[in-house]
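Undergrad: This is entry00.tsv (TSV, C-alpha atoms).
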```tsv
chain	number	residue	atom	x	y	z
J	422	MET	CA	23.98	-32.53	-75.69
J	423	TYR	CA	23.82	-36.30	-76.01
J	424	PHE	CA	23.50	-36.70	-72.24
J	425	TYR	CA	20.71	-34.18	-72.08
J	426	PHE	CA	18.62	-35.66	-74.89
J	427	ASN	CA	19.19	-39.30	-74.01
J	428	PRO	CA	16.50	-40.23	-71.43
J	429	SER	CA	18.65	-42.88	-69.76
J	430	TYR	CA	21.58	-40.53	-69.18
J	431	ARG	CA	19.33	-37.65	-68.16
J	432	LEU	CA	17.72	-39.89	-65.53
J	433	SER	CA	21.09	-41.17	-64.33
J	434	ILE	CA	22.41	-37.61	-63.90
J	435	GLU	CA	19.29	-36.76	-61.91
J	436	ALA	CA	19.72	-39.95	-59.87
J	437	ARG	CA	23.32	-39.02	-59.14
J	438	TYR	CA	22.15	-35.65	-57.83
J	439	TYR	CA	19.73	-37.35	-55.45
J	440	PHE	CA	22.43	-39.79	-54.34
J	441	GLU	CA	24.82	-36.92	-53.61
J	442	THR	CA	22.14	-35.16	-51.56
J	443	GLY	CA	21.35	-38.27	-49.51
J	444	ARG	CA	17.97	-39.07	-51.05
J	445	TYR	CA	18.84	-42.70	-51.72
J	446	ASP	CA	15.31	-44.00	-52.37
J	447	LYS	CA	14.71	-41.44	-55.10
J	448	ALA	CA	18.21	-42.02	-56.52
J	449	TYR	CA	17.64	-45.77	-56.61
J	450	LYS	CA	14.31	-45.44	-58.41
J	451	LEU	CA	15.63	-43.05	-61.04
J	452	ALA	CA	18.83	-45.01	-61.59
J	453	THR	CA	16.83	-48.21	-62.00
J	454	LEU	CA	14.64	-46.53	-64.61
J	455	ALA	CA	17.74	-45.25	-66.41
J	456	PHE	CA	19.38	-48.66	-66.30
J	457	ASN	CA	16.24	-50.35	-67.63
J	458	LEU	CA	16.25	-47.92	-70.56
J	459	ASP	CA	19.94	-48.57	-71.30
J	460	PRO	CA	21.70	-51.51	-69.60
J	461	TYR	CA	25.04	-50.16	-70.89
J	462	ASN	CA	24.66	-46.93	-68.91
J	463	ARG	CA	27.43	-47.38	-66.35
J	464	MET	CA	26.50	-44.27	-64.39
J	465	ALA	CA	22.97	-45.60	-63.91
J	466	PHE	CA	24.31	-48.98	-62.79
J	467	THR	CA	26.76	-47.40	-60.35
J	468	VAL	CA	24.19	-45.04	-58.83
J	469	MET	CA	21.65	-47.86	-58.63
J	470	THR	CA	24.01	-50.24	-56.79
J	471	GLN	CA	25.47	-47.54	-54.53
J	472	SER	CA	22.00	-46.26	-53.64
J	473	LYS	CA	20.94	-49.77	-52.67
J	474	ILE	CA	24.02	-50.10	-50.45
J	475	ALA	CA	23.39	-46.66	-48.91
J	476	LYS	CA	19.76	-47.59	-48.20
J	477	ASP	CA	20.99	-50.63	-46.25
J	478	TRP	CA	23.26	-48.39	-44.16
J	479	VAL	CA	20.41	-45.96	-43.51
J	480	ARG	CA	18.12	-48.86	-42.58
J	481	PHE	CA	20.67	-50.07	-40.02
J	482	ILE	CA	20.80	-46.60	-38.46
J	483	GLN	CA	16.99	-46.41	-38.34
J	484	ASP	CA	16.70	-49.94	-36.92
J	485	SER	CA	19.25	-49.22	-34.22
J	486	ASP	CA	17.46	-46.00	-33.23
J	487	ARG	CA	14.13	-47.83	-33.06
J	488	TYR	CA	15.60	-50.73	-31.04
J	489	PHE	CA	17.39	-48.38	-28.64
J	490	LYS	CA	14.10	-46.63	-27.99
J	491	GLU	CA	12.45	-49.98	-27.22
J	492	ILE	CA	15.35	-51.02	-24.99
J	493	GLU	CA	15.12	-47.73	-23.12
J	494	GLU	CA	11.40	-48.29	-22.53
J	495	ILE	CA	12.14	-51.77	-21.16
J	496	ALA	CA	14.96	-50.42	-18.98
J	497	ASN	CA	12.62	-47.83	-17.45
J	498	LYS	CA	10.18	-50.48	-16.26
J	499	PRO	CA	10.09	-51.03	-12.50
J	500	VAL	CA	10.75	-54.75	-13.00
J	501	ILE	CA	12.65	-56.28	-15.92
J	502	THR	CA	11.56	-59.85	-16.55
J	503	LYS	CA	13.50	-62.70	-18.15
J	504	LYS	CA	11.33	-62.23	-21.22
J	505	ASP	CA	12.38	-58.57	-21.38
J	506	LYS	CA	16.08	-59.49	-21.09
J	507	LEU	CA	15.69	-62.06	-23.85
J	508	ARG	CA	13.96	-59.50	-26.04
J	509	ILE	CA	16.82	-57.04	-25.49
J	510	LYS	CA	19.37	-59.72	-26.29
J	511	ILE	CA	17.61	-60.63	-29.53
J	512	MET	CA	17.36	-56.97	-30.62
J	513	LEU	CA	21.07	-56.44	-29.95
J	514	LYS	CA	22.05	-59.63	-31.79
J	515	ILE	CA	19.95	-58.58	-34.78
J	516	LEU	CA	21.72	-55.22	-34.90
J	517	LEU	CA	25.16	-56.82	-34.54
J	518	GLY	CA	24.42	-59.18	-37.40
J	519	GLU	CA	22.88	-56.45	-39.53
J	520	TYR	CA	25.98	-54.26	-39.21
J	521	LYS	CA	28.29	-57.11	-40.17
J	522	THR	CA	26.33	-57.67	-43.40
J	523	LEU	CA	26.62	-54.04	-44.55
J	524	LYS	CA	28.61	-53.81	-47.76
J	525	PRO	CA	31.57	-51.44	-47.69
J	526	SER	CA	31.74	-48.76	-50.35
J	527	LEU	CA	34.17	-45.97	-51.10
J	528	LEU	CA	31.39	-43.92	-52.67
J	529	LEU	CA	29.24	-43.67	-49.54
J	530	PRO	CA	29.43	-40.44	-47.57
J	531	GLU	CA	31.83	-40.76	-44.66
J	532	SER	CA	29.20	-39.23	-42.35
J	533	LEU	CA	26.83	-42.14	-43.09
J	534	LYS	CA	29.52	-44.71	-42.31
J	535	GLN	CA	30.46	-42.89	-39.09
J	536	GLU	CA	26.84	-42.72	-37.91
J	537	ALA	CA	26.44	-46.46	-38.49
J	538	LYS	CA	29.75	-47.26	-36.80
J	539	LYS	CA	28.83	-45.12	-33.79
J	540	ARG	CA	25.59	-47.05	-33.36
J	541	TYR	CA	27.34	-50.38	-33.86
J	542	GLU	CA	29.85	-49.53	-31.13
J	543	LYS	CA	26.99	-48.60	-28.81
J	544	VAL	CA	25.20	-51.90	-29.56
J	545	LYS	CA	28.38	-53.90	-29.04
J	546	ARG	CA	29.20	-52.13	-25.77
J	547	LEU	CA	25.65	-52.62	-24.43
J	548	TYR	CA	25.63	-56.28	-25.42
J	549	GLU	CA	28.95	-56.89	-23.67
J	550	GLU	CA	27.80	-55.04	-20.53
J	551	LEU	CA	24.56	-56.99	-20.31
J	552	PHE	CA	25.48	-60.42	-21.63
J	553	GLY	CA	29.27	-60.79	-21.48
J	554	LYS	CA	32.06	-60.56	-24.02
J	555	ARG	CA	30.61	-62.93	-26.64
J	556	SER	CA	28.73	-60.66	-29.02
J	557	GLY	CA	28.41	-63.26	-31.78
```
Step by step, read the file and then write its structure as structure tokens.

TA:
Amino acid sequence: MYFYFNPSYRLSIEARYYFETGRYDKAYKLATLAFNLDPYNRMAFTVMTQSKIAKDWVRFIQDSDRYFKEIEEIANKPVITKKDKLRIKIMLKILLGEYKTLKPSLLLPESLKQEAKKRYEKVKRLYEELFGKRSG
């Protein structure tokens, strides 16, 4: 009953539900509200920090999809200029760096980690094919 009537714990339980269903933005917002109401609410703190980490992983996946689309558009041009090659190189380096800064977490869904890793491997392979072995 305490958890139901305490607004902080009620919000953190709701945030946990959204985290478990992959709605990390909503989970982060609710967990932050819960944590602000009660800074001793460990569930709120955990969901808040894990949601922030998960959002970074999702952002990497979205960035890589967006960059691959741009790279594909460049690759389909009749002539690829030096400027285009440099642009591709910069996009790939950004993605390589972004992946390396992702925080590991045992609480993240394995599917999210696998999706990110799959994209990282694709970025790494493309970078090595186009620019040599040194992927920074």

Undergrad: Near Asp446 in chain J, counting all atoms listed in the file, which residues have an atom at most 12 Å away, once you skip same-chain residues fewer than 3 positions from it, shown as a PyMOL selection string?

TA: chain J and resi 436-437+439-443+449-453+468-477+479-480

Undergrad: Please report the interatomic distance between CA of Thr502 in chain J and CA of Phe489 in chain J in Å with one decimal.

TA: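 Here the two named atoms are 17.7 Å from each other.
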
Undergrad: Using all atoms listed in the file for the distances, tell me which of J:Arg431, J:Lys506, J:Lys545, J:Arg487 is nearest to Met464 in chain J.

TA: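 For Met464 in chain J, the nearest of the given residues is J:Arg431.
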
Undergrad: Report, in Å to a single decimal, how far apart CA of Phe481 in chain J and CA of Lys521 in chain J are.

TA: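 About the pair CA of Lys521 in chain J and CA of Phe481 in chain J: they are 10.4 Å apart.
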
Undergrad: For range 535-542 of chain J, find every residue with an atom within 7 Å (counting only C-alpha atoms), except residues of its own chain fewer than 2 positions away, and show them as a list in words.

TA: Trp478, Phe481, Ile482, Ser485, Leu517, Tyr520, Glu531, Ser532, Leu533, Val544, Lys545 and Arg546 of chain J

Undergrad: What would the file look like if the residues just selected were written as a PDB file, in the coordinates of the input with C-alpha atoms?

TA:
```pdb
ATOM      1  CA  TRP J 478      23.260 -48.390 -44.160  1.00  0.00           C
ATOM      2  CA  PHE J 481      20.670 -50.070 -40.020  1.00  0.00           C
ATOM      3  CA  ILE J 482      20.800 -46.600 -38.460  1.00  0.00           C
ATOM      4  CA  SER J 485      19.250 -49.220 -34.220  1.00  0.00           C
ATOM      5  CA  LEU J 517      25.160 -56.820 -34.540  1.00  0.00           C
ATOM      6  CA  TYR J 520      25.980 -54.260 -39.210  1.00  0.00           C
ATOM      7  CA  GLU J 531      31.830 -40.760 -44.660  1.00  0.00           C
ATOM      8  CA  SER J 532      29.200 -39.230 -42.350  1.00  0.00           C
ATOM      9  CA  LEU J 533      26.830 -42.140 -43.090  1.00  0.00           C
ATOM     10  CA  VAL J 544      25.200 -51.900 -29.560  1.00  0.00           C
ATOM     11  CA  LYS J 545      28.380 -53.900 -29.040  1.00  0.00           C
ATOM     12  CA  ARG J 546      29.200 -52.130 -25.770  1.00  0.00           C
TER      13      ARG J 546
END
```

Undergrad: At what distance in Å, to one decimal, does CA of Lys510 in chain J lie from CA of Lys498 in chain J?

TA: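 Between CA of Lys498 in chain J and CA of Lys510 in chain J the gap works out to 16.4 Å.
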
Undergrad: So, counting only C-alpha atoms, which residue among J:Ser429, J:Gln483, J:Ser526, J:Asn497 is closest to Asn457 in chain J?

TA: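 With only C-alpha atoms as the atom set, the closest residue is J:Ser429.
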
Undergrad: Mind checking which residues fall within 10 Å of Tyr438 in chain J, counting all atoms listed in the file, ignoring those fewer than 6 positions away in the same chain, and posting them as a PDB file with C-alpha atoms, in the coordinates of the input?

TA:
```pdb
ATOM      1  CA  LEU J 432      17.720 -39.890 -65.530  1.00  0.00           C
ATOM      2  CA  ARG J 444      17.970 -39.070 -51.050  1.00  0.00           C
ATOM      3  CA  TYR J 445      18.840 -42.700 -51.720  1.00  0.00           C
ATOM      4  CA  LYS J 447      14.710 -41.440 -55.100  1.00  0.00           C
ATOM      5  CA  ALA J 448      18.210 -42.020 -56.520  1.00  0.00           C
ATOM      6  CA  VAL J 468      24.190 -45.040 -58.830  1.00  0.00           C
TER       7      VAL J 468
END
```

Undergrad: Using all atoms listed in the file, which of the listed residues (J:Phe426, J:Arg508, J:Ala465, J:Leu513) sits closest to Asp484 in chain J?

TA: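 Nearest to Asp484 in chain J: J:Leu513.
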